[in-house]
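Asks: File data-v8.cif below, mmCIF, C-alpha atoms:
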data_query
loop_
_atom_site.label_atom_id
_atom_site.label_comp_id
_atom_site.auth_asym_id
_atom_site.auth_seq_id
_atom_site.Cartn_x
_atom_site.Cartn_y
_atom_site.Cartn_z
CA MET A 1 -42.44 -13.43 -97.51
CA GLY A 2 -39.02 -14.94 -98.22
CA SER A 3 -37.38 -11.58 -97.50
CA ILE A 4 -39.29 -11.19 -94.22
CA VAL A 5 -38.17 -14.68 -93.15
CA ALA A 6 -34.58 -13.81 -94.16
CA LEU A 7 -34.80 -10.65 -92.04
CA LEU A 8 -36.00 -12.69 -89.05
CA GLY A 9 -33.10 -15.11 -89.58
CA PHE A 10 -30.69 -12.16 -89.88
CA SER A 11 -31.99 -10.78 -86.59
CA PHE A 12 -31.57 -14.20 -84.88
CA GLY A 13 -28.03 -14.49 -86.25
CA ILE A 14 -26.97 -11.06 -85.00
CA THR A 15 -28.55 -11.60 -81.57
CA MET A 16 -26.91 -15.03 -81.21
CA THR A 17 -23.50 -13.58 -82.10
CA SER A 18 -23.77 -10.32 -80.14
CA GLY A 19 -24.58 -11.27 -76.56
CA GLY A 20 -25.96 -14.70 -77.36
CA VAL A 21 -24.75 -18.27 -77.56
CA LEU A 22 -22.21 -17.45 -80.31
CA GLU A 23 -20.67 -14.51 -78.46
CA PRO A 24 -17.47 -16.50 -77.66
CA VAL A 25 -16.92 -16.99 -81.40
CA GLN A 26 -17.23 -13.25 -81.95
CA THR A 27 -14.91 -12.50 -79.03
CA ALA A 28 -12.30 -15.01 -80.22
CA LEU A 29 -12.33 -13.77 -83.81
CA ARG A 30 -12.16 -10.14 -82.73
CA SER A 31 -9.33 -10.67 -80.26
CA TRP A 32 -6.67 -10.12 -82.93
CA VAL A 33 -6.56 -6.38 -83.52
CA ILE A 34 -4.20 -4.56 -85.88
CA GLU A 35 -3.40 -0.98 -84.93
CA ILE A 36 -0.94 1.61 -86.18
CA ASP A 37 0.15 4.14 -83.55
CA GLU A 38 -2.77 2.89 -81.42
CA GLU A 39 -5.20 3.94 -84.13
CA THR A 40 -7.62 1.81 -86.13
CA VAL A 41 -5.91 0.87 -89.38
CA THR A 42 -7.09 2.65 -92.48
CA LEU A 43 -5.64 2.30 -95.95
CA ASP A 44 -4.28 5.86 -95.96
CA LEU A 45 -2.62 5.26 -92.58
CA LEU A 46 -1.15 2.00 -93.84
CA LEU A 47 0.17 3.57 -97.04
CA ARG A 48 1.14 6.80 -95.23
CA VAL A 49 -0.63 8.95 -97.83
CA ASN A 50 -3.13 11.78 -97.65
CA PRO A 51 -6.66 10.22 -97.64
CA TRP A 52 -7.82 12.78 -100.20
CA LEU A 53 -5.25 11.39 -102.63
CA LEU A 54 -6.95 8.00 -102.29
CA VAL A 55 -10.33 9.70 -102.79
CA LEU A 56 -9.06 11.26 -106.02
CA VAL A 57 -7.71 7.92 -107.26
CA CYS A 58 -11.00 6.14 -106.40
CA VAL A 59 -13.15 8.83 -108.03
CA ALA A 60 -10.99 8.79 -111.19
CA ALA A 61 -10.82 4.98 -111.45
CA GLY A 62 -14.47 4.45 -110.42
CA GLY A 63 -15.69 7.25 -112.69
CA TRP A 64 -13.81 5.84 -115.68
CA TRP A 65 -15.23 2.38 -115.00
CA LEU A 66 -18.78 3.69 -114.52
CA LEU A 67 -18.68 5.79 -117.69
CA ARG A 68 -17.73 2.66 -119.65
CA SER A 69 -20.59 0.65 -118.09
CA PRO A 70 -23.87 0.07 -119.93
CA ALA A 71 -26.54 2.69 -119.19
CA GLY A 72 -28.78 0.04 -117.66
CA GLY A 73 -31.85 -0.09 -119.85
CA TYR A 74 -34.18 -0.22 -116.88
CA GLN A 75 -37.78 -0.64 -117.87
CA ARG A 76 -39.00 1.46 -114.98
CA GLY A 77 -37.69 3.28 -111.94
CA TRP A 78 -34.39 5.05 -111.55
CA SER A 79 -31.20 4.29 -113.43
CA TRP A 80 -28.20 2.96 -111.49
CA ALA A 81 -26.46 6.32 -111.93
CA ARG A 82 -29.31 8.30 -110.35
CA THR A 83 -29.78 5.69 -107.63
CA GLY A 84 -26.05 5.65 -106.87
CA VAL A 85 -25.86 9.43 -106.56
CA VAL A 86 -28.91 9.52 -104.26
CA ILE A 87 -27.49 6.73 -102.05
CA GLY A 88 -24.18 8.62 -101.92
CA VAL A 89 -25.94 11.82 -100.83
CA ILE A 90 -27.97 9.92 -98.19
CA ALA A 91 -24.83 8.12 -96.90
CA THR A 92 -23.05 11.49 -96.65
CA LEU A 93 -25.94 13.30 -94.96
CA ALA A 94 -26.29 10.42 -92.48
CA TRP A 95 -23.06 11.50 -90.77
CA PRO A 96 -24.00 15.07 -89.72
CA ILE A 97 -27.64 14.16 -89.01
CA SER A 98 -26.64 11.18 -86.87
CA THR A 99 -23.98 13.27 -85.09
CA LEU A 100 -26.66 15.77 -84.07
CA THR A 101 -28.17 12.99 -81.96
CA GLY A 102 -24.81 12.08 -80.40
CA ARG A 103 -24.08 9.09 -82.65
CA GLU A 104 -20.96 9.72 -84.72
CA TYR A 105 -21.33 7.19 -87.51
CA GLY A 106 -22.91 6.86 -90.91
CA LEU A 107 -25.45 4.44 -92.37
CA SER A 108 -25.74 1.09 -90.63
CA VAL A 109 -28.25 -1.74 -90.73
CA THR A 110 -26.73 -4.40 -88.48
CA GLU A 111 -26.62 -2.13 -85.43
CA PRO A 112 -30.29 -1.02 -85.60
CA ILE A 113 -31.55 -4.55 -86.25
CA ARG A 114 -29.61 -5.76 -83.20
CA THR A 115 -30.82 -2.94 -80.94
CA ILE A 116 -34.44 -3.19 -82.10
CA SER A 117 -34.34 -6.96 -81.63
CA GLU A 118 -32.93 -6.51 -78.12
CA PHE A 119 -35.63 -3.96 -77.37
CA LEU A 120 -38.34 -6.33 -78.54
CA PHE A 121 -37.02 -9.23 -76.43
CA THR A 122 -35.80 -7.38 -73.32
CA GLY A 123 -37.61 -4.03 -73.37
CA ASP A 124 -34.24 -2.26 -73.22
CA ALA A 125 -34.68 0.84 -75.37
CA ASP A 126 -31.48 2.58 -74.24
CA GLN A 127 -29.39 1.32 -77.16
CA ILE A 128 -31.84 2.36 -79.85
CA SER A 129 -30.16 5.27 -81.64
CA TRP A 130 -30.68 7.38 -84.73
CA ALA A 131 -29.88 4.29 -86.81
CA GLY A 132 -32.89 2.46 -85.34
CA PHE A 133 -35.27 5.14 -86.55
CA MET A 134 -33.45 5.35 -89.88
CA TRP A 135 -33.92 1.60 -90.31
CA LEU A 136 -37.60 1.83 -89.42
CA GLY A 137 -37.89 4.51 -92.12
CA ILE A 138 -36.54 2.12 -94.75
CA ILE A 139 -39.70 -0.01 -94.56
CA PRO A 140 -42.29 2.67 -95.52
CA GLY A 141 -39.74 4.20 -97.92
CA ALA A 142 -39.23 0.91 -99.75
CA TYR A 143 -42.98 0.26 -99.74
CA TRP A 144 -43.65 3.69 -101.26
CA ALA A 145 -40.95 3.24 -103.90
CA ALA A 146 -42.21 -0.24 -104.90
CA ARG A 147 -45.87 0.81 -104.81
CA SER A 148 -45.33 3.95 -106.87
CA HIS A 149 -43.64 1.91 -109.61
CA GLY A 150 -46.27 -0.83 -109.61
CA GLU A 151 -43.80 -3.38 -108.24
CA PHE A 152 -45.38 -4.09 -104.88
CA ALA A 153 -46.94 -7.50 -104.42
CA TRP A 154 -47.10 -10.08 -101.66
CA ARG A 155 -45.01 -13.00 -102.86
CA ALA A 156 -44.55 -16.35 -101.21
CA PRO A 157 -42.07 -18.89 -102.56
CA GLY A 158 -42.29 -22.59 -101.72
CA ALA A 159 -41.37 -24.16 -98.38
CA GLN A 160 -37.86 -25.07 -99.56
CA ARG A 161 -37.10 -21.48 -100.55
CA ILE A 162 -38.51 -20.19 -97.22
CA LEU A 163 -36.13 -22.53 -95.35
CA GLN A 164 -33.25 -21.41 -97.56
CA ALA A 165 -34.13 -17.77 -96.77
CA LEU A 166 -34.18 -18.55 -93.05
CA GLY A 167 -30.83 -20.36 -93.18
CA GLY A 168 -29.28 -17.66 -95.38
CA GLY A 169 -30.60 -14.97 -93.06
CA VAL A 170 -29.11 -16.65 -89.98
CA LEU A 171 -25.73 -17.03 -91.75
CA MET A 172 -25.83 -13.37 -92.81
CA GLY A 173 -26.66 -12.35 -89.26
CA VAL A 174 -23.84 -14.43 -87.77
CA GLY A 175 -21.40 -13.00 -90.34
CA ALA A 176 -22.59 -9.43 -89.76
CA GLY A 177 -22.42 -9.97 -85.98
CA ILE A 178 -18.83 -11.22 -86.19
CA ALA A 179 -17.79 -8.51 -88.66
CA GLY A 180 -19.62 -5.77 -86.76
CA GLY A 181 -21.57 -4.75 -89.82
CA CYS A 182 -22.93 -5.82 -93.17
CA ASN A 183 -22.62 -4.52 -96.70
CA ILE A 184 -24.26 -1.24 -95.65
CA GLY A 185 -22.23 -0.46 -92.52
CA HIS A 186 -18.97 -1.71 -94.01
CA GLY A 187 -19.62 -1.07 -97.70
CA LEU A 188 -21.30 2.33 -97.59
CA THR A 189 -19.79 3.71 -94.40
CA GLY A 190 -16.53 1.90 -93.58
CA VAL A 191 -15.09 1.55 -97.09
CA PRO A 192 -15.39 5.31 -97.84
CA LEU A 193 -13.37 5.84 -94.65
CA PHE A 194 -10.75 3.41 -96.07
CA GLY A 195 -11.10 1.27 -92.95
CA LEU A 196 -9.01 -1.86 -93.47
CA SER A 197 -11.57 -3.94 -91.56
CA SER A 198 -14.38 -2.65 -93.81
CA LEU A 199 -12.35 -3.29 -96.95
CA THR A 200 -11.64 -6.83 -95.71
CA ALA A 201 -15.28 -7.40 -94.74
CA THR A 202 -16.61 -6.09 -98.08
CA LEU A 203 -14.14 -8.18 -100.07
CA SER A 204 -15.11 -11.21 -97.98
CA ILE A 205 -18.82 -10.52 -98.60
CA VAL A 206 -18.16 -10.48 -102.37
CA LEU A 207 -16.18 -13.74 -102.19
CA GLY A 208 -18.87 -15.26 -99.94
CA VAL A 209 -21.64 -14.33 -102.39
CA TRP A 210 -19.67 -15.89 -105.26
CA ALA A 211 -19.00 -19.04 -103.25
CA GLY A 212 -22.65 -19.27 -102.18
CA ALA A 213 -23.90 -18.71 -105.74
CA TYR A 214 -21.53 -21.41 -107.03
CA MET A 215 -22.62 -23.87 -104.33
CA LEU A 216 -26.31 -23.24 -105.00
CA PHE A 217 -26.33 -22.88 -108.76
CA GLY A 218 -23.04 -24.30 -109.95
CA GLY A 219 -21.55 -23.05 -113.19
CA VAL A 220 -24.95 -21.77 -114.42
CA ALA A 221 -24.51 -18.66 -112.27
CA PHE A 222 -21.17 -17.81 -113.87
CA GLU A 223 -21.34 -18.96 -117.47
CA ARG A 224 -20.65 -16.16 -119.89
CA ARG A 225 -21.17 -16.91 -123.53
CA VAL A 226 -21.43 -13.34 -124.70
CA ARG A 227 -21.25 -13.00 -128.44
CA GLY A 228 -19.21 -9.85 -128.93
CA ALA A 229 -20.83 -8.83 -132.19
CA GLN A 230 -24.33 -9.06 -130.79
CA ARG A 231 -23.64 -7.48 -127.45
CA ALA A 232 -25.40 -4.13 -126.95
CA MET B 233 -39.92 -24.59 -133.53
CA ALA B 234 -41.60 -25.48 -130.27
CA GLN B 235 -43.17 -23.22 -127.65
CA TYR B 236 -42.58 -23.69 -123.97
CA SER B 237 -43.58 -21.81 -120.84
CA LEU B 238 -41.93 -21.30 -117.48
CA ASP B 239 -43.74 -19.91 -114.43
CA VAL B 240 -41.33 -18.46 -111.87
CA THR B 241 -43.85 -16.35 -109.95
CA GLY B 242 -43.11 -16.27 -106.24
CA GLU B 243 -39.40 -16.74 -106.86
CA ILE B 244 -37.04 -13.91 -105.99
CA CYS B 245 -33.72 -12.87 -107.50
CA PRO B 246 -31.64 -14.65 -108.69
CA TYR B 247 -33.87 -17.74 -109.05
CA PRO B 248 -36.01 -16.47 -111.98
CA LEU B 249 -32.89 -15.79 -114.07
CA ILE B 250 -31.15 -19.02 -113.04
CA LEU B 251 -34.24 -21.12 -113.78
CA THR B 252 -34.69 -19.32 -117.14
CA ARG B 253 -31.04 -20.03 -118.04
CA LYS B 254 -31.46 -23.70 -117.20
CA GLU B 255 -34.68 -23.96 -119.22
CA MET B 256 -33.21 -22.16 -122.23
CA GLY B 257 -30.27 -24.54 -122.06
CA LYS B 258 -32.61 -27.47 -122.80
CA LEU B 259 -34.20 -25.86 -125.89
CA GLN B 260 -33.24 -26.10 -129.56
CA THR B 261 -32.42 -23.11 -131.75
CA GLY B 262 -35.65 -21.35 -132.76
CA ASP B 263 -37.65 -22.68 -129.82
CA GLN B 264 -39.59 -20.12 -127.81
CA LEU B 265 -39.90 -19.79 -124.07
CA ALA B 266 -42.55 -17.64 -122.34
CA VAL B 267 -41.39 -16.79 -118.81
CA THR B 268 -43.89 -15.45 -116.28
CA VAL B 269 -42.19 -13.53 -113.49
CA ASP B 270 -43.45 -11.29 -110.68
CA TYR B 271 -40.11 -9.99 -109.41
CA ALA B 272 -39.35 -6.60 -110.96
CA LYS B 273 -35.57 -6.92 -110.92
CA SER B 274 -35.74 -10.25 -112.70
CA ALA B 275 -38.06 -8.74 -115.33
CA GLU B 276 -35.09 -6.51 -116.17
CA ASP B 277 -32.34 -9.09 -115.73
CA ILE B 278 -33.85 -11.81 -117.92
CA PRO B 279 -34.17 -9.67 -121.12
CA ARG B 280 -30.70 -8.19 -120.47
CA TRP B 281 -29.18 -11.65 -120.13
CA ALA B 282 -31.05 -12.87 -123.21
CA LYS B 283 -29.74 -9.92 -125.23
CA GLU B 284 -26.19 -10.61 -124.09
CA GLU B 285 -26.56 -14.25 -125.06
CA GLY B 286 -27.85 -13.32 -128.48
CA HIS B 287 -31.35 -14.74 -127.97
CA THR B 288 -34.26 -12.83 -129.50
CA ILE B 289 -36.58 -11.01 -127.12
CA LEU B 290 -39.94 -11.42 -128.81
CA ALA B 291 -41.98 -9.62 -126.15
CA VAL B 292 -41.91 -8.18 -122.64
CA ARG B 293 -45.54 -7.81 -121.60
CA GLU B 294 -46.69 -6.17 -118.38
CA ARG B 295 -49.62 -8.06 -117.02
CA GLY B 296 -50.26 -5.71 -114.09
CA GLY B 297 -50.11 -6.61 -110.43
CA SER B 298 -46.30 -6.70 -110.64
CA GLN B 299 -46.29 -9.50 -113.18
CA TRP B 300 -44.50 -9.73 -116.51
CA GLU B 301 -44.39 -12.20 -119.40
CA ILE B 302 -41.10 -12.36 -121.27
CA VAL B 303 -41.04 -14.30 -124.53
CA LEU B 304 -37.61 -15.40 -125.74
CA GLU B 305 -36.47 -17.22 -128.86
CA LYS B 306 -33.35 -19.31 -128.53
CA ALA B 307 -30.46 -18.32 -130.79
#
What does this structure look like when you write it as structure tokens?
Replies:
Amino acid sequence: MGSIVALLGFSFGITMTSGGVLEPVQTALRSWVIEIDEETVTLDLLLRVNPWLLVLVCVAAGGWWLLRSPAGGYQRGWSWARTGVVIGVIATLAWPISTLTGREYGLSVTEPIRTISEFLFTGDADQISWAGFMWLGIIPGAYWAARSHGEFAWRAPGAQRILQALGGGVLMGVGAGIAGGCNIGHGLTGVPLFGLSSLTATLSIVLGVWAGAYMLFGGVAFERRVRGAQRA
Amino acid sequence: MAQYSLDVTGEICPYPLILTRKEMGKLQTGDQLAVTVDYAKSAEDIPRWAKEEGHTILAVRERGGSQWEIVLEKA
């Protein structure tokens, strides 16, 4: 229930920022645009290098880091490696499949939530694209995945946590509205394109999560007292 | 050695782990804590954290209905 409330808050936040009362904030913050040769700035354009060189560097550095990471030890379900590969394949396939419908972009969650929300409140279905149907597919897909692993259950936290979920959802929505995407649109679609805005947004999301965790939980969220000899 | 219990059902990530950390922080070496959790990710995170911290994982019991009991002994 907390996640559903967070989703509602997220939807409110996006709608308020994109066409709503907070639109001026979005407009003001987006008024400063950096371009190189009238093109959107990407890291390869900024560094004047072949983008495939950056891909090679990322694959080599990321692969080395992942190979050194613990296997996971998941009690059930897929390992992070299998899950990561599947998400990568889905994120890649999203491009050609979406393009077939006239939408040239990859995975996105902010855009479909905004368009579906607009449709529900105004009846305007024109903006609903491939991403809207993709997002609708996430719900039965997630349900099936959770159900098949015995993890599905209706859970309801206390009133305080529900309010926190609502507030957090609204903040996420406002942030995603201003940034023009969330960790999916920027992280899974924009970062692989080396978009400077997506790299900035993703880095800001990471810093925001750390700051939020520190504000909510203090040092408990960050304390590391790993005993080297006993670490697996 | 004393035995304690912590019910974090209904809580979602990261609260079960954070609340478990706080509770373990209050215990003495050798004390046991039985954590009841119904959030699958936390049922993985709590034993992993405990292992990293050097605590003993005495049991991870599936109770069905997406509920787990994790019994830890403080190092």
Asks: When you look at segment 100-110 of chain A with a cut-off of 12 Å (counting only C-alpha atoms), what residues show up, excluding the ones that are within fewer than 3 positions of it in the same chain? I need them as a PyMOL selection string.
Replies: chain A and resi 7+10-15+17-18+87-97+113-117+127-138+172-193
Asks: For Ala307 of chain B, list every protein, DNA or RNA residue within 12 Å, evaluated using only C-alpha atoms, and leave out those in the same chain fewer than 4 positions away; present the list as a PyMOL selection string.
Replies: (chain A and resi 225-227+230) or (chain B and resi 233+256-257+259-265+282-290)
Asks: I need the output of the PyMOL selection byres ((chain B and resi 243) around 8) for this file as a list of chain:residue names; which residues are they?
Replies: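 Expected selection for the PyMOL selection byres ((chain B and resi 243) around 8) here is A:Arg155, A:Ala156, A:Pro157, B:Val240, B:Thr241, B:Gly242, B:Ile244, B:Cys245, B:Tyr247, B:Pro248, B:Val269, B:Asp270, B:Tyr271.
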Asks: Using atom CA of Pro140 of chain A and atom CA of Gly77 of chain A as the two end points, give the distance in Å to one decimal.
Replies: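 Result for atom CA of Pro140 of chain A versus atom CA of Gly77 of chain A: 17.1 Å, one decimal.
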Asks: Could you check which of B:Ser298, B:Lys306, B:Val267, B:Lys273 is closest to chain A, using only C-alpha atoms?
Replies: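 Checking each of B:Ser298, B:Lys306, B:Val267, B:Lys273 against chain A, counting only C-alpha atoms, the winner is B:Ser298.
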Asks: Of the candidates A:Phe217, A:Ser204, A:Glu151, A:Ala211, which shows the shortest atom-to-atom distance to Ala275 of chain B, using only C-alpha atoms?
Replies: A:Glu151
Asks: With all atoms listed in the file as the basis for distance, which of A:Ser79, A:Thr42, A:Gln160, A:Ser3 is at the shortest distance from Ser198 of chain A?
Replies: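 Looking only at the distances to Ser198 of chain A, the closest residue turns out to be A:Thr42.
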Asks: Anything within 8 Å of (-42.7, -22.6, -116.6): list those residues as a list in words, counting only C-alpha atoms and sticking to the file's coordinates.
Replies: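 The distance filter leaves exactly Tyr236, Ser237, Leu238, Asp239, Val240, Ala266, Val267 and Thr268 of chain B.
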